[in-house]
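Here's the structure, in C-alpha coordinates; my notes come after.
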Amino acid sequence: TQLLEQSPQFLSIQEGENLTVYCNSSSVFSSLQWYRQEPGEGPVLLVTVVTGGEVKKLKRLTFQFGDARKDSSLHITAAQPGDTGLYLCAGIITGTASKLTFGTGTRLQVTL
Amino acid sequence: GAVVSQHPSWVICKSGTSVKIECRSLDFQATTMFWYRQFPKQSLMLMATSNEGSKATYEQGVEKDKFLINHASLTLSTLTVTSAHPEDSSFYICSVGVGSHYYEQYFGPGTRLTVT
(Lines give C-alpha, C1' and ligand atoms only; values in the text may rest on other atoms or scores of the structure.)
Protein backbone atom coordinates (compact mmCIF):
# COMPACT_ATOMS: atom_id res chain seq x y z
CA THR A 1 0.00 0.00 0.00
CA GLN A 2 1.45 3.33 -1.09
CA LEU A 3 1.00 5.80 1.74
CA LEU A 4 1.59 8.90 -0.36
CA GLU A 5 -0.20 9.15 -3.69
CA GLN A 6 0.82 11.78 -6.18
CA SER A 7 -1.21 13.03 -9.10
CA PRO A 8 -0.83 13.28 -11.93
CA GLN A 9 1.76 10.58 -12.55
CA PHE A 10 2.93 12.22 -15.73
CA LEU A 11 2.48 15.71 -17.10
CA SER A 12 3.66 17.10 -20.41
CA ILE A 13 3.14 20.82 -20.92
CA GLN A 14 4.48 23.68 -22.97
CA GLU A 15 6.73 26.43 -21.71
CA GLY A 16 4.77 29.18 -19.99
CA GLU A 17 1.91 27.04 -18.75
CA ASN A 18 0.99 26.64 -15.09
CA LEU A 19 0.59 23.32 -13.31
CA THR A 20 -0.23 21.80 -9.95
CA VAL A 21 0.97 18.52 -8.52
CA TYR A 22 -0.89 16.92 -5.65
CA CYS A 23 0.36 14.69 -2.84
CA ASN A 24 -2.30 12.94 -0.77
CA SER A 25 -2.38 10.55 2.14
CA SER A 26 -4.70 9.23 4.82
CA SER A 27 -1.88 9.57 7.35
CA VAL A 28 -0.86 12.66 9.26
CA PHE A 29 2.66 13.89 8.65
CA SER A 30 4.85 15.75 11.11
CA SER A 31 6.72 17.22 8.18
CA LEU A 32 6.63 16.98 4.43
CA GLN A 33 9.30 17.64 1.84
CA TRP A 34 9.32 18.13 -1.90
CA TYR A 35 12.24 16.92 -3.98
CA ARG A 36 13.14 17.15 -7.65
CA GLN A 37 15.15 14.42 -9.30
CA GLU A 38 16.78 14.43 -12.70
CA PRO A 39 17.67 11.21 -14.56
CA GLY A 40 20.70 9.45 -13.13
CA GLU A 41 20.96 11.75 -10.14
CA GLY A 42 19.81 11.81 -6.54
CA PRO A 43 16.79 13.84 -5.41
CA VAL A 44 17.39 17.48 -4.50
CA LEU A 45 15.46 18.99 -1.62
CA LEU A 46 13.25 21.91 -2.67
CA VAL A 47 11.31 22.72 0.48
CA THR A 48 10.18 21.45 3.87
CA VAL A 49 6.78 22.27 5.37
CA VAL A 50 5.89 21.44 8.95
CA THR A 51 2.84 23.52 9.93
CA GLY A 52 -0.71 22.77 8.76
CA GLY A 53 -1.81 25.40 6.25
CA GLU A 54 1.75 26.56 5.64
CA VAL A 55 2.56 28.09 2.26
CA LYS A 56 6.10 28.51 1.01
CA LYS A 57 7.33 30.07 -2.18
CA LEU A 58 10.52 29.35 -4.06
CA LYS A 59 10.68 31.64 -7.09
CA ARG A 60 7.97 30.28 -9.43
CA LEU A 61 7.17 27.32 -7.17
CA THR A 62 4.50 27.53 -4.46
CA PHE A 63 4.16 24.76 -1.91
CA GLN A 64 1.21 24.29 0.41
CA PHE A 65 0.73 21.92 3.33
CA GLY A 66 -2.85 20.93 4.06
CA ASP A 67 -4.52 22.13 7.25
CA ALA A 68 -4.76 18.56 8.55
CA ARG A 69 -1.17 17.79 7.46
CA LYS A 70 -2.35 14.90 5.29
CA ASP A 71 -1.80 16.46 1.89
CA SER A 72 0.31 18.95 0.01
CA SER A 73 0.48 20.63 -3.35
CA LEU A 74 3.14 22.09 -5.58
CA HIS A 75 2.17 24.79 -8.04
CA ILE A 76 4.55 25.93 -10.77
CA THR A 77 3.88 29.19 -12.55
CA ALA A 78 5.08 29.79 -16.10
CA ALA A 79 6.90 26.48 -16.40
CA GLN A 80 10.25 26.39 -18.13
CA PRO A 81 12.17 23.50 -19.75
CA GLY A 82 14.54 23.59 -16.78
CA ASP A 83 11.64 22.50 -14.56
CA THR A 84 11.58 19.12 -16.28
CA GLY A 85 12.17 16.26 -13.88
CA LEU A 86 10.64 13.84 -11.41
CA TYR A 87 8.92 15.60 -8.51
CA LEU A 88 8.65 13.62 -5.31
CA CYS A 89 6.85 14.44 -2.13
CA ALA A 90 8.06 12.71 0.99
CA GLY A 91 7.06 12.90 4.59
CA ILE A 92 7.57 11.61 8.07
CA ILE A 93 4.42 10.05 9.46
CA THR A 94 3.64 11.33 12.93
CA GLY A 95 4.85 8.82 15.48
CA THR A 96 7.39 7.11 13.22
CA ALA A 97 10.86 8.30 14.05
CA SER A 98 12.75 9.78 11.12
CA LYS A 99 11.69 7.38 8.35
CA LEU A 100 10.91 9.27 5.16
CA THR A 101 8.03 7.87 3.10
CA PHE A 102 8.18 8.84 -0.55
CA GLY A 103 5.26 9.56 -2.83
CA THR A 104 4.67 7.77 -6.10
CA GLY A 105 6.24 10.62 -8.08
CA THR A 106 5.15 12.99 -10.83
CA ARG A 107 7.19 13.12 -13.99
CA LEU A 108 7.05 16.59 -15.55
CA GLN A 109 8.14 17.38 -19.06
CA VAL A 110 8.19 20.99 -20.23
CA THR A 111 8.70 21.59 -23.93
CA LEU A 112 9.45 24.72 -25.90
CA GLY B 1 22.27 21.16 4.11
CA ALA B 2 24.81 18.43 3.60
CA VAL B 3 26.96 17.41 0.67
CA VAL B 4 26.88 13.68 0.01
CA SER B 5 28.97 11.67 -2.42
CA GLN B 6 28.70 8.10 -3.61
CA HIS B 7 31.23 5.81 -5.18
CA PRO B 8 31.16 4.32 -7.67
CA SER B 9 28.60 6.19 -9.75
CA TRP B 10 28.00 3.08 -11.81
CA VAL B 11 29.18 -0.52 -11.69
CA ILE B 12 28.69 -3.63 -13.80
CA CYS B 13 29.36 -6.97 -12.18
CA LYS B 14 28.83 -10.63 -12.93
CA SER B 15 26.16 -12.69 -11.25
CA GLY B 16 27.41 -14.22 -8.00
CA THR B 17 29.96 -11.55 -7.18
CA SER B 18 29.73 -8.92 -4.44
CA VAL B 19 29.74 -5.17 -4.90
CA LYS B 20 30.48 -2.46 -2.33
CA ILE B 21 28.98 1.02 -2.61
CA GLU B 22 30.33 3.88 -0.51
CA CYS B 23 28.35 6.84 0.78
CA ARG B 24 30.27 9.78 2.22
CA SER B 25 29.03 12.82 4.05
CA LEU B 26 31.56 15.47 3.02
CA ASP B 27 30.67 18.37 5.31
CA PHE B 28 28.44 16.95 8.02
CA GLN B 29 28.95 14.39 10.75
CA ALA B 30 26.17 11.95 10.10
CA THR B 31 25.12 9.61 12.87
CA THR B 32 22.35 8.36 10.62
CA MET B 33 22.36 7.63 6.92
CA PHE B 34 19.69 6.01 4.80
CA TRP B 35 19.89 3.62 1.86
CA TYR B 36 17.26 3.62 -0.85
CA ARG B 37 16.62 1.63 -3.97
CA GLN B 38 14.93 3.00 -7.07
CA PHE B 39 13.72 1.01 -10.07
CA PRO B 40 13.30 2.72 -13.46
CA LYS B 41 10.43 5.18 -13.57
CA GLN B 42 9.55 4.47 -9.95
CA SER B 43 9.88 6.26 -6.65
CA LEU B 44 12.41 5.61 -3.91
CA MET B 45 12.02 2.71 -1.53
CA LEU B 46 13.80 2.79 1.82
CA MET B 47 15.97 -0.27 2.31
CA ALA B 48 17.63 0.42 5.64
CA THR B 49 18.67 3.01 8.18
CA SER B 50 22.40 3.03 8.85
CA ASN B 51 23.44 3.98 12.38
CA GLU B 52 27.01 4.94 13.20
CA GLY B 53 28.61 2.41 15.51
CA SER B 54 25.65 0.04 15.65
CA LYS B 55 23.67 -2.33 13.49
CA ALA B 56 21.57 -1.08 10.64
CA THR B 57 17.80 -1.22 10.80
CA TYR B 58 16.34 -2.96 7.77
CA GLU B 59 12.90 -2.45 6.26
CA GLN B 60 10.52 -5.34 5.98
CA GLY B 61 11.36 -7.56 3.04
CA VAL B 62 14.99 -6.44 2.75
CA GLU B 63 17.44 -9.29 3.33
CA LYS B 64 20.05 -8.14 5.81
CA ASP B 65 22.45 -10.93 4.84
CA LYS B 66 22.28 -9.90 1.20
CA PHE B 67 22.56 -6.16 1.68
CA LEU B 68 25.30 -5.64 4.26
CA ILE B 69 25.53 -2.17 5.73
CA ASN B 70 28.47 -0.83 7.71
CA HIS B 71 28.57 2.65 9.25
CA ALA B 72 31.95 2.70 10.93
CA SER B 73 32.46 6.47 11.03
CA LEU B 74 30.45 9.68 11.05
CA THR B 75 31.28 10.31 7.41
CA LEU B 76 31.11 6.89 5.77
CA SER B 77 28.47 4.22 5.29
CA THR B 78 28.88 1.29 2.94
CA LEU B 79 26.36 -1.00 1.30
CA THR B 80 27.61 -4.35 0.06
CA VAL B 81 25.40 -6.35 -2.26
CA THR B 82 26.49 -9.93 -1.73
CA SER B 83 26.15 -12.66 -4.34
CA ALA B 84 24.49 -10.24 -6.71
CA HIS B 85 21.91 -11.43 -9.21
CA PRO B 86 20.33 -9.65 -12.19
CA GLU B 87 17.25 -8.80 -10.12
CA ASP B 88 19.52 -6.72 -7.85
CA SER B 89 20.20 -4.37 -10.75
CA SER B 90 18.90 -1.01 -9.69
CA PHE B 91 19.76 2.58 -8.76
CA TYR B 92 20.98 2.74 -5.15
CA ILE B 93 20.90 6.10 -3.40
CA CYS B 94 22.06 7.08 0.08
CA SER B 95 21.07 10.09 2.12
CA VAL B 96 22.13 11.94 5.23
CA GLY B 97 19.54 13.00 7.78
CA VAL B 98 19.88 16.54 9.12
CA GLY B 99 18.10 18.06 12.08
CA SER B 100 16.83 16.70 15.35
CA HIS B 101 14.35 14.39 13.66
CA TYR B 102 16.23 13.90 10.37
CA TYR B 103 13.22 15.17 8.50
CA GLU B 104 15.45 16.84 5.97
CA GLN B 105 17.49 14.41 3.98
CA TYR B 106 20.24 15.24 1.54
CA PHE B 107 20.92 12.67 -1.11
CA GLY B 108 23.98 11.39 -2.86
CA PRO B 109 24.11 11.21 -6.65
CA GLY B 110 23.28 7.52 -6.69
CA THR B 111 25.00 4.36 -7.92
CA ARG B 112 23.66 2.43 -10.88
CA LEU B 113 24.30 -1.30 -10.43
CA THR B 114 23.96 -3.67 -13.37
CA VAL B 115 24.36 -7.37 -12.74
CA THR B 116 24.95 -9.49 -15.84
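Identifiers in this document derive from the order of the C-alpha coordinates: chains are assigned A, B, ..., residues are numbered from 1 separately in each chain, and ligands are numbered from 1 in order of occurrence.
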
(Q) Need to verify the contact set: B:Ala2, 9 Å, only C-alpha atoms, exclusion of same-chain residues closer than 4 positions in sequence. Can you return it as a ChimeraX atom specification? (A) /B:25-28,96-98,105-107

Keeping only N, CA and C atoms, write those residues as an mmCIF file, in the first residue's frame.
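Output (again-v9.cif):
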data_model
loop_
_atom_site.group_PDB
_atom_site.id
_atom_site.type_symbol
_atom_site.label_atom_id
_atom_site.label_comp_id
_atom_site.auth_asym_id
_atom_site.auth_seq_id
_atom_site.Cartn_x
_atom_site.Cartn_y
_atom_site.Cartn_z
ATOM 1 N N SER B 25 29.529 11.510 3.707
ATOM 2 C CA SER B 25 29.028 12.822 4.053
ATOM 3 C C SER B 25 30.243 13.751 4.118
ATOM 4 N N LEU B 26 30.326 14.695 3.188
ATOM 5 C CA LEU B 26 31.555 15.468 3.016
ATOM 6 C C LEU B 26 31.690 16.642 3.995
ATOM 7 N N ASP B 27 30.570 17.170 4.479
ATOM 8 C CA ASP B 27 30.673 18.369 5.314
ATOM 9 C C ASP B 27 29.784 18.293 6.551
ATOM 10 N N PHE B 28 29.374 17.092 6.905
ATOM 11 C CA PHE B 28 28.441 16.946 8.020
ATOM 12 C C PHE B 28 28.705 15.616 8.703
ATOM 13 N N VAL B 96 21.731 11.548 3.882
ATOM 14 C CA VAL B 96 22.126 11.937 5.231
ATOM 15 C C VAL B 96 20.971 12.680 5.867
ATOM 16 N N GLY B 97 20.616 12.309 7.076
ATOM 17 C CA GLY B 97 19.543 12.997 7.782
ATOM 18 C C GLY B 97 20.082 14.172 8.565
ATOM 19 N N VAL B 98 19.424 15.318 8.447
ATOM 20 C CA VAL B 98 19.879 16.535 9.120
ATOM 21 C C VAL B 98 18.765 17.049 10.016
ATOM 22 N N GLN B 105 16.465 15.327 4.418
ATOM 23 C CA GLN B 105 17.487 14.406 3.985
ATOM 24 C C GLN B 105 18.146 14.942 2.722
ATOM 25 N N TYR B 106 19.454 14.795 2.688
ATOM 26 C CA TYR B 106 20.241 15.237 1.541
ATOM 27 C C TYR B 106 20.841 14.006 0.895
ATOM 28 N N PHE B 107 20.622 13.904 -0.406
ATOM 29 C CA PHE B 107 20.917 12.672 -1.107
ATOM 30 C C PHE B 107 22.231 12.712 -1.879
#

Would you tabulate, counting only C-alpha atoms, all residues of chain A that have an atom at most 10 Å from an atom of chain B, showing the closest pair of atoms and their distance in Å to one decimal, sorted by chain then ascending number, as CSV?
residue,atom,partner,partner_atom,distance
A:Ser30,CA,B:Tyr103,CA,8.8
A:Ser31,CA,B:Tyr103,CA,6.8
A:Leu32,CA,B:Tyr103,CA,8.0
A:Gln33,CA,B:Glu104,CA,7.4
A:Tyr35,CA,B:Gln105,CA,9.9
A:Gln37,CA,B:Pro109,CA,9.9
A:Pro39,CA,B:Lys41,CA,9.5
A:Gly40,CA,B:Gly110,CA,7.2
A:Glu41,CA,B:Pro109,CA,4.7
A:Gly42,CA,B:Pro109,CA,4.3
A:Pro43,CA,B:Phe107,CA,6.1
A:Val44,CA,B:Phe107,CA,6.9
A:Leu45,CA,B:Tyr106,CA,6.8
A:Val47,CA,B:Glu104,CA,9.0
A:Thr48,CA,B:Glu104,CA,7.3
A:Val50,CA,B:Tyr103,CA,9.7
A:Leu86,CA,B:Lys41,CA,8.9
A:Tyr87,CA,B:Ser43,CA,9.6
A:Leu88,CA,B:Ser43,CA,7.6
A:Cys89,CA,B:Ser43,CA,9.8
A:Ala90,CA,B:Tyr103,CA,9.4
A:Gly91,CA,B:Tyr103,CA,7.6
A:Ile92,CA,B:Tyr103,CA,6.7
A:Ala97,CA,B:His101,CA,7.0
A:Ser98,CA,B:Tyr102,CA,5.4
A:Lys99,CA,B:Tyr103,CA,7.9
A:Leu100,CA,B:Tyr103,CA,7.2
A:Thr101,CA,B:Leu46,CA,7.8
A:Phe102,CA,B:Leu44,CA,6.3
A:Gly103,CA,B:Ser43,CA,6.8
A:Thr104,CA,B:Ser43,CA,5.5
A:Gly105,CA,B:Ser43,CA,5.9
A:Thr106,CA,B:Ser43,CA,9.2
A:Arg107,CA,B:Lys41,CA,8.6

(Q) Could you list, as a PyMOL selection string, every residue within 9 Å of B:Gly53, counting only C-alpha atoms and ignoring same-chain residues fewer than 6 positions away? (A) chain B and resi 31+70-74

Residues at most 9 Å from A:Phe63, counting only C-alpha atoms, excluding those fewer than 6 positions away in the same chain, as a PDB file with all heavy atoms, in the first residue's frame?
ATOM      1  N   TRP A  34       9.393  18.319  -0.455  1.00  0.00           N
ATOM      2  CA  TRP A  34       9.315  18.127  -1.903  1.00  0.00           C
ATOM      3  C   TRP A  34      10.734  18.074  -2.453  1.00  0.00           C
ATOM      4  O   TRP A  34      11.592  18.888  -2.074  1.00  0.00           O
ATOM      5  CB  TRP A  34       8.542  19.276  -2.563  1.00  0.00           C
ATOM      6  CG  TRP A  34       7.056  19.186  -2.393  1.00  0.00           C
ATOM      7  CD1 TRP A  34       6.296  19.732  -1.402  1.00  0.00           C
ATOM      8  CD2 TRP A  34       6.148  18.503  -3.254  1.00  0.00           C
ATOM      9  NE1 TRP A  34       4.974  19.436  -1.588  1.00  0.00           N
ATOM     10  CE2 TRP A  34       4.846  18.686  -2.723  1.00  0.00           C
ATOM     11  CE3 TRP A  34       6.286  17.760  -4.430  1.00  0.00           C
ATOM     12  CZ2 TRP A  34       3.693  18.148  -3.323  1.00  0.00           C
ATOM     13  CZ3 TRP A  34       5.145  17.234  -5.023  1.00  0.00           C
ATOM     14  CH2 TRP A  34       3.874  17.429  -4.473  1.00  0.00           C
ATOM     15  N   VAL A  47      11.933  22.012  -0.633  1.00  0.00           N
ATOM     16  CA  VAL A  47      11.311  22.722   0.481  1.00  0.00           C
ATOM     17  C   VAL A  47      10.868  21.725   1.546  1.00  0.00           C
ATOM     18  O   VAL A  47      10.667  20.540   1.261  1.00  0.00           O
ATOM     19  CB  VAL A  47      10.075  23.516  -0.026  1.00  0.00           C
ATOM     20  CG1 VAL A  47       8.895  22.586  -0.273  1.00  0.00           C
ATOM     21  CG2 VAL A  47       9.695  24.626   0.922  1.00  0.00           C
ATOM     22  N   THR A  48      10.742  22.222   2.762  1.00  0.00           N
ATOM     23  CA  THR A  48      10.181  21.455   3.869  1.00  0.00           C
ATOM     24  C   THR A  48       9.035  22.260   4.469  1.00  0.00           C
ATOM     25  O   THR A  48       9.180  23.457   4.713  1.00  0.00           O
ATOM     26  CB  THR A  48      11.234  21.192   4.959  1.00  0.00           C
ATOM     27  OG1 THR A  48      12.295  20.418   4.406  1.00  0.00           O
ATOM     28  CG2 THR A  48      10.617  20.440   6.132  1.00  0.00           C
ATOM     29  N   VAL A  49       7.899  21.613   4.694  1.00  0.00           N
ATOM     30  CA  VAL A  49       6.779  22.266   5.375  1.00  0.00           C
ATOM     31  C   VAL A  49       6.438  21.449   6.608  1.00  0.00           C
ATOM     32  O   VAL A  49       6.491  20.218   6.574  1.00  0.00           O
ATOM     33  CB  VAL A  49       5.548  22.419   4.455  1.00  0.00           C
ATOM     34  CG1 VAL A  49       5.792  23.517   3.435  1.00  0.00           C
ATOM     35  CG2 VAL A  49       5.209  21.118   3.740  1.00  0.00           C
ATOM     36  N   GLU A  54       0.548  25.785   6.011  1.00  0.00           N
ATOM     37  CA  GLU A  54       1.745  26.558   5.644  1.00  0.00           C
ATOM     38  C   GLU A  54       1.885  26.673   4.128  1.00  0.00           C
ATOM     39  O   GLU A  54       1.623  25.723   3.396  1.00  0.00           O
ATOM     40  CB  GLU A  54       2.978  25.874   6.232  1.00  0.00           C
ATOM     41  CG  GLU A  54       4.280  26.606   6.010  1.00  0.00           C
ATOM     42  CD  GLU A  54       5.446  25.929   6.713  1.00  0.00           C
ATOM     43  OE1 GLU A  54       5.244  24.850   7.324  1.00  0.00           O
ATOM     44  OE2 GLU A  54       6.568  26.472   6.635  1.00  0.00           O
ATOM     45  N   VAL A  55       2.285  27.847   3.675  1.00  0.00           N
ATOM     46  CA  VAL A  55       2.560  28.093   2.262  1.00  0.00           C
ATOM     47  C   VAL A  55       3.980  28.632   2.147  1.00  0.00           C
ATOM     48  O   VAL A  55       4.364  29.552   2.865  1.00  0.00           O
ATOM     49  CB  VAL A  55       1.572  29.111   1.649  1.00  0.00           C
ATOM     50  CG1 VAL A  55       1.944  29.398   0.192  1.00  0.00           C
ATOM     51  CG2 VAL A  55       0.143  28.586   1.739  1.00  0.00           C
ATOM     52  N   LYS A  56       4.741  28.019   1.251  1.00  0.00           N
ATOM     53  CA  LYS A  56       6.102  28.508   1.015  1.00  0.00           C
ATOM     54  C   LYS A  56       6.294  28.729  -0.475  1.00  0.00           C
ATOM     55  O   LYS A  56       5.772  27.967  -1.291  1.00  0.00           O
ATOM     56  CB  LYS A  56       7.137  27.499   1.523  1.00  0.00           C
ATOM     57  CG  LYS A  56       7.358  27.532   3.025  1.00  0.00           C
ATOM     58  CD  LYS A  56       8.579  26.727   3.411  1.00  0.00           C
ATOM     59  CE  LYS A  56       8.878  26.880   4.893  1.00  0.00           C
ATOM     60  NZ  LYS A  56      10.071  26.095   5.305  1.00  0.00           N
ATOM     61  N   LYS A  57       7.054  29.779  -0.785  1.00  0.00           N
ATOM     62  CA  LYS A  57       7.333  30.071  -2.184  1.00  0.00           C
ATOM     63  C   LYS A  57       8.822  30.011  -2.449  1.00  0.00           C
ATOM     64  O   LYS A  57       9.641  30.469  -1.653  1.00  0.00           O
ATOM     65  CB  LYS A  57       6.780  31.453  -2.548  1.00  0.00           C
ATOM     66  CG  LYS A  57       5.265  31.525  -2.563  1.00  0.00           C
ATOM     67  CD  LYS A  57       4.771  32.809  -3.210  1.00  0.00           C
ATOM     68  CE  LYS A  57       3.252  32.794  -3.307  1.00  0.00           C
ATOM     69  NZ  LYS A  57       2.713  33.975  -4.017  1.00  0.00           N
ATOM     70  N   SER A  72      -0.502  17.794   0.395  1.00  0.00           N
ATOM     71  CA  SER A  72       0.309  18.946   0.006  1.00  0.00           C
ATOM     72  C   SER A  72       0.169  19.155  -1.492  1.00  0.00           C
ATOM     73  O   SER A  72      -0.243  18.241  -2.223  1.00  0.00           O
ATOM     74  CB  SER A  72       1.773  18.713   0.370  1.00  0.00           C
ATOM     75  OG  SER A  72       2.577  19.820   0.015  1.00  0.00           O
ATOM     76  N   SER A  73       0.502  20.348  -1.926  1.00  0.00           N
ATOM     77  CA  SER A  73       0.476  20.630  -3.353  1.00  0.00           C
ATOM     78  C   SER A  73       1.678  21.474  -3.744  1.00  0.00           C
ATOM     79  O   SER A  73       2.244  22.202  -2.924  1.00  0.00           O
ATOM     80  CB  SER A  73      -0.821  21.356  -3.746  1.00  0.00           C
ATOM     81  OG  SER A  73      -0.886  22.631  -3.115  1.00  0.00           O
ATOM     82  N   LEU A  74       2.046  21.311  -4.991  1.00  0.00           N
ATOM     83  CA  LEU A  74       3.144  22.086  -5.576  1.00  0.00           C
ATOM     84  C   LEU A  74       2.602  22.749  -6.827  1.00  0.00           C
ATOM     85  O   LEU A  74       2.092  22.063  -7.722  1.00  0.00           O
ATOM     86  CB  LEU A  74       4.315  21.153  -5.922  1.00  0.00           C
ATOM     87  CG  LEU A  74       5.300  21.621  -7.007  1.00  0.00           C
ATOM     88  CD1 LEU A  74       5.990  22.904  -6.599  1.00  0.00           C
ATOM     89  CD2 LEU A  74       6.312  20.534  -7.317  1.00  0.00           C
ATOM     90  N   HIS A  75       2.653  24.043  -6.882  1.00  0.00           N
ATOM     91  CA  HIS A  75       2.173  24.789  -8.044  1.00  0.00           C
ATOM     92  C   HIS A  75       3.360  25.470  -8.714  1.00  0.00           C
ATOM     93  O   HIS A  75       4.151  26.141  -8.036  1.00  0.00           O
ATOM     94  CB  HIS A  75       1.138  25.835  -7.617  1.00  0.00           C
ATOM     95  CG  HIS A  75       0.561  26.607  -8.766  1.00  0.00           C
ATOM     96  ND1 HIS A  75      -0.425  26.088  -9.584  1.00  0.00           N
ATOM     97  CD2 HIS A  75       0.855  27.844  -9.246  1.00  0.00           C
ATOM     98  CE1 HIS A  75      -0.727  26.988 -10.513  1.00  0.00           C
ATOM     99  NE2 HIS A  75       0.023  28.057 -10.334  1.00  0.00           N
ATOM    100  N   ILE A  76       3.477  25.279 -10.014  1.00  0.00           N
ATOM    101  CA  ILE A  76       4.545  25.927 -10.773  1.00  0.00           C
ATOM    102  C   ILE A  76       3.904  26.925 -11.736  1.00  0.00           C
ATOM    103  O   ILE A  76       3.001  26.563 -12.515  1.00  0.00           O
ATOM    104  CB  ILE A  76       5.402  24.918 -11.554  1.00  0.00           C
ATOM    105  CG1 ILE A  76       6.044  23.922 -10.579  1.00  0.00           C
ATOM    106  CG2 ILE A  76       6.485  25.649 -12.356  1.00  0.00           C
ATOM    107  CD1 ILE A  76       6.894  22.857 -11.271  1.00  0.00           C
TER     108      ILE A  76
END

(Q) If you run DSSP on the backbone here, which positions in chain B get strand (DSSP E)? Please write them as a PyMOL selection string. (A) chain B and resi 4-7+10-13+19-25+32-38+44-51+57-58+67-73+76-81+90-98+104-107+111-115

Q) From the list A:Val110, A:Val28, A:Leu58, A:Ile13, which residue is nearest A:Thr96 when using only C-alpha atoms? A) A:Val28

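Separating atom CA of A:Leu112 from atom CA of A:Ala79 is a distance of 10.0 Å.
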
Q | From B:Thr82, B:Gln6, B:Ser77, B:Asn51, residue lying nearest B:Glu63 [only C-alpha atoms] | A | B:Thr82

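Counting only C-alpha atoms, the residue from A:Ser27, A:Thr20, A:Gln109, A:Thr77 that sits nearest to A:Gly95 is A:Ser27.
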
Q: Select, from A:Gln64, A:Phe29, A:Thr111, A:Pro81, the residue with the minimum atom-to-atom distance to A:Thr94, counting only C-alpha atoms.
A: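 Result for the nearest residue to A:Thr94: A:Phe29.
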